[in-house]
file start-v4.txt (compact mmCIF, N, CA and C atoms and all ligand atoms)
# COMPACT_ATOMS: atom_id res chain seq x y z
N MET B 1 70.68 87.11 77.54
CA MET B 1 69.70 87.62 78.49
C MET B 1 68.70 88.52 77.77
N ALA B 2 67.43 88.35 78.09
CA ALA B 2 66.41 89.15 77.42
C ALA B 2 66.51 90.61 77.86
N ILE B 3 66.29 91.49 76.91
CA ILE B 3 66.33 92.92 77.24
C ILE B 3 64.90 93.41 77.37
N LYS B 4 64.61 94.06 78.47
CA LYS B 4 63.27 94.61 78.69
C LYS B 4 63.33 96.12 78.60
N ARG B 5 62.26 96.66 78.07
CA ARG B 5 62.17 98.12 77.97
C ARG B 5 61.25 98.64 79.05
N PHE B 6 61.57 99.80 79.59
CA PHE B 6 60.65 100.45 80.53
C PHE B 6 60.78 101.96 80.36
N GLY B 7 59.73 102.65 80.71
CA GLY B 7 59.74 104.11 80.57
C GLY B 7 60.34 104.76 81.80
N VAL B 8 61.08 105.84 81.59
CA VAL B 8 61.66 106.58 82.72
C VAL B 8 61.25 108.03 82.60
N SER B 9 60.74 108.59 83.70
CA SER B 9 60.41 110.01 83.71
C SER B 9 61.48 110.77 84.49
N LEU B 10 62.04 111.77 83.85
CA LEU B 10 63.07 112.56 84.51
C LEU B 10 62.77 114.04 84.32
N ASP B 11 63.12 114.85 85.32
CA ASP B 11 62.98 116.28 85.06
C ASP B 11 64.11 116.73 84.14
N GLU B 12 63.91 117.91 83.53
CA GLU B 12 64.82 118.33 82.45
C GLU B 12 66.26 118.43 82.89
N GLN B 13 66.46 118.89 84.12
CA GLN B 13 67.82 119.09 84.60
C GLN B 13 68.57 117.76 84.70
N ILE B 14 67.88 116.75 85.23
CA ILE B 14 68.52 115.44 85.36
C ILE B 14 68.76 114.83 83.98
N LEU B 15 67.81 115.06 83.07
CA LEU B 15 67.98 114.56 81.71
C LEU B 15 69.20 115.20 81.05
N ARG B 16 69.39 116.50 81.31
CA ARG B 16 70.56 117.19 80.76
C ARG B 16 71.85 116.61 81.35
N SER B 17 71.82 116.31 82.65
CA SER B 17 72.99 115.69 83.29
C SER B 17 73.27 114.33 82.66
N LEU B 18 72.19 113.59 82.40
CA LEU B 18 72.35 112.26 81.78
C LEU B 18 72.99 112.41 80.39
N ASP B 19 72.50 113.40 79.64
CA ASP B 19 73.04 113.59 78.29
C ASP B 19 74.51 114.02 78.32
N SER B 20 74.89 114.81 79.32
CA SER B 20 76.30 115.20 79.37
C SER B 20 77.16 114.00 79.79
N LEU B 21 76.58 113.09 80.58
CA LEU B 21 77.30 111.85 80.91
C LEU B 21 77.50 110.99 79.66
N VAL B 22 76.44 110.92 78.83
CA VAL B 22 76.51 110.18 77.57
C VAL B 22 77.65 110.74 76.71
N GLU B 23 77.71 112.08 76.67
CA GLU B 23 78.72 112.73 75.84
C GLU B 23 80.12 112.50 76.42
N LYS B 24 80.24 112.68 77.74
CA LYS B 24 81.53 112.55 78.40
C LYS B 24 82.13 111.16 78.22
N HIS B 25 81.30 110.14 78.41
CA HIS B 25 81.80 108.76 78.31
C HIS B 25 81.64 108.17 76.91
N GLN B 26 81.10 108.98 76.00
CA GLN B 26 80.86 108.55 74.62
C GLN B 26 80.03 107.28 74.56
N PHE B 27 78.98 107.25 75.41
CA PHE B 27 78.05 106.13 75.34
C PHE B 27 77.24 106.25 74.05
N PRO B 28 76.87 105.12 73.43
CA PRO B 28 76.10 105.20 72.19
C PRO B 28 74.68 105.74 72.41
N ASN B 29 74.16 105.60 73.61
CA ASN B 29 72.79 106.07 73.87
C ASN B 29 72.56 106.22 75.38
N ARG B 30 71.38 106.73 75.70
CA ARG B 30 71.05 106.95 77.11
C ARG B 30 70.94 105.64 77.89
N SER B 31 70.46 104.58 77.24
CA SER B 31 70.33 103.29 77.93
C SER B 31 71.68 102.83 78.48
N GLN B 32 72.70 103.02 77.66
CA GLN B 32 74.03 102.60 78.07
C GLN B 32 74.49 103.40 79.30
N ALA B 33 74.16 104.67 79.30
CA ALA B 33 74.52 105.53 80.44
C ALA B 33 73.78 105.08 81.71
N ILE B 34 72.51 104.73 81.55
CA ILE B 34 71.73 104.28 82.71
C ILE B 34 72.27 102.95 83.23
N ARG B 35 72.63 102.05 82.31
CA ARG B 35 73.25 100.79 82.71
C ARG B 35 74.52 101.03 83.54
N TYR B 36 75.32 101.97 83.04
CA TYR B 36 76.57 102.32 83.72
C TYR B 36 76.29 102.82 85.14
N LEU B 37 75.32 103.72 85.26
CA LEU B 37 75.00 104.29 86.57
C LEU B 37 74.49 103.24 87.54
N ILE B 38 73.64 102.35 87.04
CA ILE B 38 73.09 101.29 87.90
C ILE B 38 74.22 100.39 88.40
N LYS B 39 75.11 100.03 87.50
CA LYS B 39 76.21 99.15 87.87
C LYS B 39 77.11 99.79 88.92
N GLU B 40 77.45 101.06 88.69
CA GLU B 40 78.27 101.79 89.65
C GLU B 40 77.62 101.82 91.02
N HIS B 41 76.32 102.07 91.01
CA HIS B 41 75.59 102.20 92.27
C HIS B 41 75.55 100.86 93.01
N MET B 42 75.41 99.78 92.23
CA MET B 42 75.35 98.46 92.87
C MET B 42 76.66 98.08 93.51
N ILE B 43 77.78 98.49 92.90
CA ILE B 43 79.09 98.24 93.52
C ILE B 43 79.16 98.98 94.86
N GLU B 44 78.70 100.25 94.85
CA GLU B 44 78.71 101.02 96.10
C GLU B 44 77.84 100.37 97.16
N ASP B 45 76.69 99.86 96.74
CA ASP B 45 75.79 99.20 97.67
C ASP B 45 76.45 97.97 98.30
N ASN B 46 77.18 97.20 97.48
CA ASN B 46 77.89 96.05 98.02
C ASN B 46 78.84 96.47 99.13
N TRP B 47 79.49 97.63 98.91
CA TRP B 47 80.41 98.12 99.91
C TRP B 47 79.65 98.48 101.17
N GLN B 48 78.50 99.09 100.97
CA GLN B 48 77.73 99.48 102.14
C GLN B 48 77.20 98.27 102.89
N GLU B 49 77.04 97.16 102.18
CA GLU B 49 76.64 95.93 102.86
C GLU B 49 77.78 95.34 103.67
N ASN B 50 78.92 96.01 103.59
CA ASN B 50 80.05 95.64 104.42
C ASN B 50 80.71 94.33 104.05
N ARG B 51 80.82 94.10 102.78
CA ARG B 51 81.62 92.97 102.35
C ARG B 51 83.09 93.31 102.52
N LYS B 52 83.92 92.26 102.42
CA LYS B 52 85.37 92.48 102.50
C LYS B 52 85.85 93.15 101.24
N VAL B 53 86.64 94.17 101.41
CA VAL B 53 87.21 94.87 100.26
C VAL B 53 88.70 95.11 100.49
N ALA B 54 89.39 95.39 99.41
CA ALA B 54 90.77 95.84 99.50
C ALA B 54 90.79 97.27 98.99
N GLY B 55 91.76 98.02 99.42
CA GLY B 55 91.79 99.41 98.97
C GLY B 55 93.14 100.06 99.18
N THR B 56 93.27 101.24 98.62
CA THR B 56 94.47 102.04 98.87
C THR B 56 94.05 103.45 99.24
N VAL B 57 94.81 104.02 100.14
CA VAL B 57 94.65 105.44 100.45
C VAL B 57 95.91 106.14 99.95
N THR B 58 95.74 107.18 99.18
CA THR B 58 96.86 107.99 98.72
C THR B 58 96.80 109.33 99.43
N LEU B 59 97.90 109.72 100.02
CA LEU B 59 97.96 110.99 100.75
C LEU B 59 99.12 111.83 100.22
N LEU B 60 98.86 113.11 100.04
CA LEU B 60 99.93 114.05 99.71
C LEU B 60 99.95 115.10 100.81
N TYR B 61 101.11 115.27 101.44
CA TYR B 61 101.16 116.30 102.49
C TYR B 61 102.54 116.93 102.58
N ASP B 62 102.58 118.04 103.31
CA ASP B 62 103.82 118.78 103.50
C ASP B 62 104.57 118.18 104.68
N HIS B 63 105.78 117.77 104.43
CA HIS B 63 106.61 117.13 105.45
C HIS B 63 106.82 118.02 106.67
N HIS B 64 106.81 119.34 106.46
CA HIS B 64 107.15 120.26 107.53
C HIS B 64 105.95 120.67 108.38
N LYS B 65 104.78 120.16 108.03
CA LYS B 65 103.58 120.63 108.75
C LYS B 65 103.04 119.58 109.71
N ASN B 66 102.85 119.98 110.95
CA ASN B 66 102.07 119.22 111.96
C ASN B 66 102.57 117.79 112.19
N ASP B 67 103.82 117.50 111.96
CA ASP B 67 104.33 116.12 112.11
C ASP B 67 103.35 115.13 111.47
N LEU B 68 103.00 115.39 110.23
CA LEU B 68 101.98 114.56 109.58
C LEU B 68 102.41 113.12 109.40
N SER B 69 103.69 112.88 109.14
CA SER B 69 104.10 111.47 108.98
C SER B 69 103.96 110.74 110.31
N GLY B 70 104.25 111.41 111.42
CA GLY B 70 104.05 110.82 112.75
C GLY B 70 102.59 110.55 113.02
N GLN B 71 101.75 111.52 112.70
CA GLN B 71 100.31 111.36 112.93
C GLN B 71 99.73 110.23 112.09
N SER B 72 100.16 110.18 110.82
CA SER B 72 99.67 109.13 109.93
C SER B 72 100.10 107.76 110.47
N ASN B 73 101.34 107.69 110.92
CA ASN B 73 101.88 106.45 111.48
C ASN B 73 101.07 106.00 112.71
N ASP B 74 100.76 106.93 113.60
CA ASP B 74 99.98 106.61 114.81
C ASP B 74 98.62 106.01 114.44
N ILE B 75 97.96 106.65 113.49
CA ILE B 75 96.63 106.19 113.07
C ILE B 75 96.73 104.79 112.46
N GLN B 76 97.76 104.57 111.65
CA GLN B 76 97.93 103.25 111.02
C GLN B 76 98.21 102.17 112.07
N HIS B 77 99.00 102.52 113.09
CA HIS B 77 99.27 101.54 114.16
C HIS B 77 97.99 101.14 114.88
N LYS B 78 97.14 102.12 115.13
CA LYS B 78 95.88 101.83 115.82
C LYS B 78 94.98 100.92 114.99
N HIS B 79 95.23 100.89 113.67
CA HIS B 79 94.39 100.07 112.77
C HIS B 79 95.26 99.03 112.06
N HIS B 80 96.26 98.51 112.78
CA HIS B 80 97.24 97.60 112.16
C HIS B 80 96.58 96.39 111.52
N HIS B 81 95.42 95.98 112.03
CA HIS B 81 94.73 94.82 111.48
C HIS B 81 94.16 95.10 110.09
N LEU B 82 94.10 96.37 109.70
CA LEU B 82 93.58 96.72 108.37
C LEU B 82 94.70 97.06 107.38
N VAL B 83 95.87 97.39 107.91
CA VAL B 83 96.95 97.92 107.07
C VAL B 83 97.86 96.79 106.59
N LEU B 84 97.93 96.60 105.28
CA LEU B 84 98.80 95.56 104.72
C LEU B 84 100.21 96.09 104.45
N SER B 85 100.29 97.30 103.93
CA SER B 85 101.60 97.88 103.66
C SER B 85 101.47 99.38 103.51
N MET B 86 102.61 100.04 103.58
CA MET B 86 102.62 101.49 103.43
C MET B 86 103.90 101.88 102.74
N GLN B 87 103.76 102.79 101.79
CA GLN B 87 104.94 103.29 101.10
C GLN B 87 104.99 104.80 101.26
N HIS B 88 106.14 105.28 101.66
CA HIS B 88 106.32 106.73 101.83
C HIS B 88 107.39 107.19 100.86
N VAL B 89 107.03 108.11 100.00
CA VAL B 89 107.99 108.63 99.03
C VAL B 89 108.21 110.12 99.31
N HIS B 90 109.46 110.54 99.41
CA HIS B 90 109.77 111.97 99.58
C HIS B 90 109.82 112.58 98.18
N LEU B 91 108.72 113.17 97.77
CA LEU B 91 108.59 113.66 96.40
C LEU B 91 109.58 114.77 96.09
N ASP B 92 109.66 115.71 97.01
CA ASP B 92 110.64 116.80 96.87
C ASP B 92 110.91 117.35 98.27
N HIS B 93 111.53 118.50 98.37
CA HIS B 93 111.91 119.02 99.68
C HIS B 93 110.73 119.12 100.64
N ASN B 94 109.56 119.48 100.12
CA ASN B 94 108.41 119.68 101.00
C ASN B 94 107.41 118.53 101.01
N ASN B 95 107.21 117.92 99.85
CA ASN B 95 106.06 117.03 99.69
C ASN B 95 106.37 115.55 99.91
N CYS B 96 105.48 114.92 100.69
CA CYS B 96 105.54 113.47 100.89
C CYS B 96 104.31 112.85 100.25
N LEU B 97 104.52 111.70 99.64
CA LEU B 97 103.40 110.94 99.07
C LEU B 97 103.35 109.59 99.78
N GLU B 98 102.21 109.30 100.41
CA GLU B 98 102.04 108.01 101.08
C GLU B 98 100.96 107.20 100.37
N THR B 99 101.25 105.93 100.17
CA THR B 99 100.26 105.00 99.63
C THR B 99 100.10 103.88 100.65
N ILE B 100 98.90 103.72 101.15
CA ILE B 100 98.65 102.74 102.20
C ILE B 100 97.68 101.70 101.64
N VAL B 101 98.09 100.44 101.71
CA VAL B 101 97.25 99.36 101.18
C VAL B 101 96.47 98.73 102.33
N LEU B 102 95.17 98.61 102.15
CA LEU B 102 94.28 98.18 103.22
C LEU B 102 93.44 96.98 102.81
N LYS B 103 93.03 96.21 103.79
CA LYS B 103 92.07 95.13 103.54
C LYS B 103 91.16 95.01 104.76
N GLY B 104 89.85 94.92 104.52
CA GLY B 104 88.92 94.81 105.64
C GLY B 104 87.52 95.12 105.18
N LYS B 105 86.64 95.42 106.13
CA LYS B 105 85.28 95.79 105.76
C LYS B 105 85.27 97.21 105.22
N ALA B 106 84.43 97.42 104.23
CA ALA B 106 84.37 98.72 103.56
C ALA B 106 84.18 99.86 104.55
N GLU B 107 83.33 99.62 105.54
CA GLU B 107 83.04 100.66 106.52
C GLU B 107 84.30 101.03 107.32
N GLU B 108 85.06 99.99 107.68
CA GLU B 108 86.30 100.24 108.45
C GLU B 108 87.33 101.00 107.61
N LEU B 109 87.45 100.61 106.34
CA LEU B 109 88.40 101.27 105.46
C LEU B 109 88.01 102.73 105.24
N THR B 110 86.72 102.97 105.09
CA THR B 110 86.25 104.34 104.88
C THR B 110 86.54 105.20 106.11
N GLU B 111 86.29 104.60 107.27
CA GLU B 111 86.51 105.34 108.52
C GLU B 111 88.00 105.68 108.69
N LEU B 112 88.85 104.69 108.43
CA LEU B 112 90.29 104.91 108.55
C LEU B 112 90.78 105.96 107.56
N SER B 113 90.32 105.85 106.33
CA SER B 113 90.79 106.81 105.32
C SER B 113 90.26 108.21 105.62
N ASP B 114 89.06 108.31 106.18
CA ASP B 114 88.55 109.64 106.57
C ASP B 114 89.46 110.28 107.61
N GLN B 115 89.94 109.47 108.55
CA GLN B 115 90.84 109.99 109.58
C GLN B 115 92.14 110.49 108.97
N LEU B 116 92.68 109.71 108.04
CA LEU B 116 93.97 110.07 107.42
C LEU B 116 93.82 111.30 106.54
N ILE B 117 92.81 111.26 105.67
CA ILE B 117 92.63 112.37 104.72
C ILE B 117 92.23 113.64 105.46
N GLY B 118 91.55 113.45 106.61
CA GLY B 118 91.08 114.60 107.39
C GLY B 118 92.15 115.26 108.23
N LEU B 119 93.36 114.68 108.28
CA LEU B 119 94.42 115.29 109.08
C LEU B 119 94.71 116.70 108.57
N LYS B 120 94.89 117.61 109.50
CA LYS B 120 95.11 119.00 109.11
C LYS B 120 96.44 119.13 108.38
N GLY B 121 96.41 119.67 107.18
CA GLY B 121 97.64 119.84 106.41
C GLY B 121 97.76 118.88 105.25
N VAL B 122 96.87 117.88 105.19
CA VAL B 122 96.89 116.97 104.04
C VAL B 122 96.39 117.74 102.82
N LYS B 123 97.20 117.77 101.76
CA LYS B 123 96.85 118.58 100.58
C LYS B 123 95.87 117.86 99.68
N HIS B 124 96.04 116.53 99.60
CA HIS B 124 95.15 115.76 98.75
C HIS B 124 95.11 114.34 99.27
N GLY B 125 93.95 113.73 99.22
CA GLY B 125 93.84 112.35 99.67
C GLY B 125 92.69 111.67 98.98
N LYS B 126 92.86 110.38 98.72
CA LYS B 126 91.79 109.65 98.06
C LYS B 126 91.83 108.17 98.44
N LEU B 127 90.65 107.64 98.70
CA LEU B 127 90.51 106.20 98.95
C LEU B 127 89.95 105.55 97.71
N VAL B 128 90.58 104.46 97.28
CA VAL B 128 90.03 103.65 96.20
C VAL B 128 89.79 102.25 96.74
N MET B 129 88.57 101.76 96.58
CA MET B 129 88.26 100.41 97.07
C MET B 129 87.89 99.51 95.91
N THR B 130 88.19 98.24 96.09
CA THR B 130 87.81 97.27 95.09
C THR B 130 87.23 96.04 95.78
N SER B 131 86.19 95.49 95.20
CA SER B 131 85.48 94.40 95.86
C SER B 131 86.21 93.09 95.67
N LEU B 132 86.18 92.25 96.71
CA LEU B 132 86.85 90.93 96.61
C LEU B 132 85.89 89.87 96.12
N ASP B 133 84.61 90.20 96.01
CA ASP B 133 83.62 89.20 95.56
C ASP B 133 83.58 89.14 94.04
NI NI Y 201 108.66 112.28 103.12
call {"tool": "encode", "arguments": {"input": "start-v4.txt", "output": "C-alpha cells"}}
result
Amino acid sequence: MAIKRFGVSLDEQILRSLDSLVEKHQFPNRSQAIRYLIKEHMIEDNWQENRKVAGTVTLLYDHHKNDLSGQSNDIQHKHHHLVLSMQHVHLDHNNCLETIVLKGKAEELTELSDQLIGLKGVKHGKLVMTSLD
C-alpha cells in the first residue's frame, strides 16, 4: 500500500502528549503513534456503530455489602439475552470476583456493564469488548 505524507498541526501540549505516548509504547516515531491512535479510534467507532461484539465484565466487590451478589444476579437476569456465562469466585473472606461473559450490541453491553459497575459498593469494575467483524 502506498504511503502518503501529510502535515499535522498540533499545539505544544498535545505534541508533548504524543511524544510521551511514543516513549511509553516505544514507537519508532510519531507516525507510528498516530497510526496506533487512528486504529484504536476506528475500533471504538465500529462499536459505536453498534456492531455485534463479545465482551467480559469483571467486578470486584465486598461480599458483605448491599447484597451485591443478589443485585448483580438480578441485573443479569433482566439481560439474560446478553449474558453467556458468569463465574463467581470467593477470593477471600470479604472479596468476590465476578467475570461475566456477554454477547450483543456494543451499546447494550456498555449499558449493562455501567449498571453492574455502578452498583454501590463495587470496588473495581471493567468492561472489555472485542469486535466480531
Ligand atoms: Ni463470593
call {"tool": "select_by_dssp", "arguments": {"input": "start-v4.txt", "residues": "chain B", "states": "helix (DSSP H, G or I)", "output": "JSON, numbers by chain"}}
result
{"B": [12, 13, 14, 15, 16, 17, 18, 19, 20, 21, 22, 23, 24, 25, 30, 31, 32, 33, 34, 35, 36, 37, 38, 39, 40, 41, 42, 43, 44, 45, 46, 47, 48, 68, 69, 70, 71, 72, 73, 74, 75, 76, 77, 78, 106, 107, 108, 109, 110, 111, 112, 113, 114, 115, 116, 117]}
call {"tool": "residues_near_ligand", "arguments": {"input": "start-v4.txt", "ligand": "ligand NI 201 (chain Y)", "cutoff": "8 Å", "atoms": "only C-alpha atoms and all ligand atoms", "output": "count of residues only"}}
result
11
call {"tool": "select_by_dssp", "arguments": {"input": "start-v4.txt", "residues": "chain B", "states": "strand (DSSP E or B)", "output": "PyMOL selection string"}}
result
chain B and resi 52-62+83-90+95-105+122-131
call {"tool": "write_last_selection", "arguments": {"input": "start-v4.txt", "atoms": "N, CA and C atoms", "output": "compact mmCIF listing (two decimals), keeping the file's coordinate frame"}}
result
# COMPACT_ATOMS: atom_id res chain seq x y z
N LYS B 52 83.92 92.26 102.42
CA LYS B 52 85.37 92.48 102.50
C LYS B 52 85.85 93.15 101.24
N VAL B 53 86.64 94.17 101.41
CA VAL B 53 87.21 94.87 100.26
C VAL B 53 88.70 95.11 100.49
N ALA B 54 89.39 95.39 99.41
CA ALA B 54 90.77 95.84 99.50
C ALA B 54 90.79 97.27 98.99
N GLY B 55 91.76 98.02 99.42
CA GLY B 55 91.79 99.41 98.97
C GLY B 55 93.14 100.06 99.18
N THR B 56 93.27 101.24 98.62
CA THR B 56 94.47 102.04 98.87
C THR B 56 94.05 103.45 99.24
N VAL B 57 94.81 104.02 100.14
CA VAL B 57 94.65 105.44 100.45
C VAL B 57 95.91 106.14 99.95
N THR B 58 95.74 107.18 99.18
CA THR B 58 96.86 107.99 98.72
C THR B 58 96.80 109.33 99.43
N LEU B 59 97.90 109.72 100.02
CA LEU B 59 97.96 110.99 100.75
C LEU B 59 99.12 111.83 100.22
N LEU B 60 98.86 113.11 100.04
CA LEU B 60 99.93 114.05 99.71
C LEU B 60 99.95 115.10 100.81
N TYR B 61 101.11 115.27 101.44
CA TYR B 61 101.16 116.30 102.49
C TYR B 61 102.54 116.93 102.58
N ASP B 62 102.58 118.04 103.31
CA ASP B 62 103.82 118.78 103.50
C ASP B 62 104.57 118.18 104.68
N VAL B 83 95.87 97.39 107.91
CA VAL B 83 96.95 97.92 107.07
C VAL B 83 97.86 96.79 106.59
N LEU B 84 97.93 96.60 105.28
CA LEU B 84 98.80 95.56 104.72
C LEU B 84 100.21 96.09 104.45
N SER B 85 100.29 97.30 103.93
CA SER B 85 101.60 97.88 103.66
C SER B 85 101.47 99.38 103.51
N MET B 86 102.61 100.04 103.58
CA MET B 86 102.62 101.49 103.43
C MET B 86 103.90 101.88 102.74
N GLN B 87 103.76 102.79 101.79
CA GLN B 87 104.94 103.29 101.10
C GLN B 87 104.99 104.80 101.26
N HIS B 88 106.14 105.28 101.66
CA HIS B 88 106.32 106.73 101.83
C HIS B 88 107.39 107.19 100.86
N VAL B 89 107.03 108.11 100.00
CA VAL B 89 107.99 108.63 99.03
C VAL B 89 108.21 110.12 99.31
N HIS B 90 109.46 110.54 99.41
CA HIS B 90 109.77 111.97 99.58
C HIS B 90 109.82 112.58 98.18
N ASN B 95 107.21 117.92 99.85
CA ASN B 95 106.06 117.03 99.69
C ASN B 95 106.37 115.55 99.91
N CYS B 96 105.48 114.92 100.69
CA CYS B 96 105.54 113.47 100.89
C CYS B 96 104.31 112.85 100.25
N LEU B 97 104.52 111.70 99.64
CA LEU B 97 103.40 110.94 99.07
C LEU B 97 103.35 109.59 99.78
N GLU B 98 102.21 109.30 100.41
CA GLU B 98 102.04 108.01 101.08
C GLU B 98 100.96 107.20 100.37
N THR B 99 101.25 105.93 100.17
CA THR B 99 100.26 105.00 99.63
C THR B 99 100.10 103.88 100.65
N ILE B 100 98.90 103.72 101.15
CA ILE B 100 98.65 102.74 102.20
C ILE B 100 97.68 101.70 101.64
N VAL B 101 98.09 100.44 101.71
CA VAL B 101 97.25 99.36 101.18
C VAL B 101 96.47 98.73 102.33
N LEU B 102 95.17 98.61 102.15
CA LEU B 102 94.28 98.18 103.22
C LEU B 102 93.44 96.98 102.81
N LYS B 103 93.03 96.21 103.79
CA LYS B 103 92.07 95.13 103.54
C LYS B 103 91.16 95.01 104.76
N GLY B 104 89.85 94.92 104.52
CA GLY B 104 88.92 94.81 105.64
C GLY B 104 87.52 95.12 105.18
N LYS B 105 86.64 95.42 106.13
CA LYS B 105 85.28 95.79 105.76
C LYS B 105 85.27 97.21 105.22
N VAL B 122 96.87 117.88 105.19
CA VAL B 122 96.89 116.97 104.04
C VAL B 122 96.39 117.74 102.82
N LYS B 123 97.20 117.77 101.76
CA LYS B 123 96.85 118.58 100.58
C LYS B 123 95.87 117.86 99.68
N HIS B 124 96.04 116.53 99.60
CA HIS B 124 95.15 115.76 98.75
C HIS B 124 95.11 114.34 99.27
N GLY B 125 93.95 113.73 99.22
CA GLY B 125 93.84 112.35 99.67
C GLY B 125 92.69 111.67 98.98
N LYS B 126 92.86 110.38 98.72
CA LYS B 126 91.79 109.65 98.06
C LYS B 126 91.83 108.17 98.44
N LEU B 127 90.65 107.64 98.70
CA LEU B 127 90.51 106.20 98.95
C LEU B 127 89.95 105.55 97.71
N VAL B 128 90.58 104.46 97.28
CA VAL B 128 90.03 103.65 96.20
C VAL B 128 89.79 102.25 96.74
N MET B 129 88.57 101.76 96.58
CA MET B 129 88.26 100.41 97.07
C MET B 129 87.89 99.51 95.91
N THR B 130 88.19 98.24 96.09
CA THR B 130 87.81 97.27 95.09
C THR B 130 87.23 96.04 95.78
N SER B 131 86.19 95.49 95.20
CA SER B 131 85.48 94.40 95.86
C SER B 131 86.21 93.09 95.67
call {"tool": "residues_around", "arguments": {"input": "start-v4.txt", "residues": "Leu21 in chain B", "least_positions_apart": "5", "cutoff": "10 Å", "atoms": "only C-alpha atoms", "output": "JSON, numbers by chain"}}
result
{"B": [15, 16, 26, 27, 30, 33, 34, 36, 37]}
call {"tool": "atom_distance", "arguments": {"input": "start-v4.txt", "atom1": "atom N of Ile100 in chain B", "atom2": "atom C of Lys78 in chain B"}}
result
14.7 Å
call {"tool": "residues_around", "arguments": {"input": "start-v4.txt", "residues": "range 125-131 of chain B", "least_positions_apart": "5", "cutoff": "6.5 Å", "atoms": "all atoms listed in the file", "output": "ChimeraX atom specification"}}
result
/B:52-60,113,117
call {"tool": "atom_distance", "arguments": {"input": "start-v4.txt", "atom1": "atom C of Asp74 in chain B", "atom2": "CA of Lys105 in chain B"}}
result
18.9 Å
call {"tool": "closest_residue", "arguments": {"input": "start-v4.txt", "among": "B:Ala2, B:Lys103, B:Asp62, B:Gly7", "to": "Lys123 in chain B", "atoms": "all atoms listed in the file"}}
result
B:Asp62
call {"tool": "atom_distance", "arguments": {"input": "start-v4.txt", "atom1": "CA of Ser17 in chain B", "atom2": "CA of Lys39 in chain B"}}
result
17.5 Å
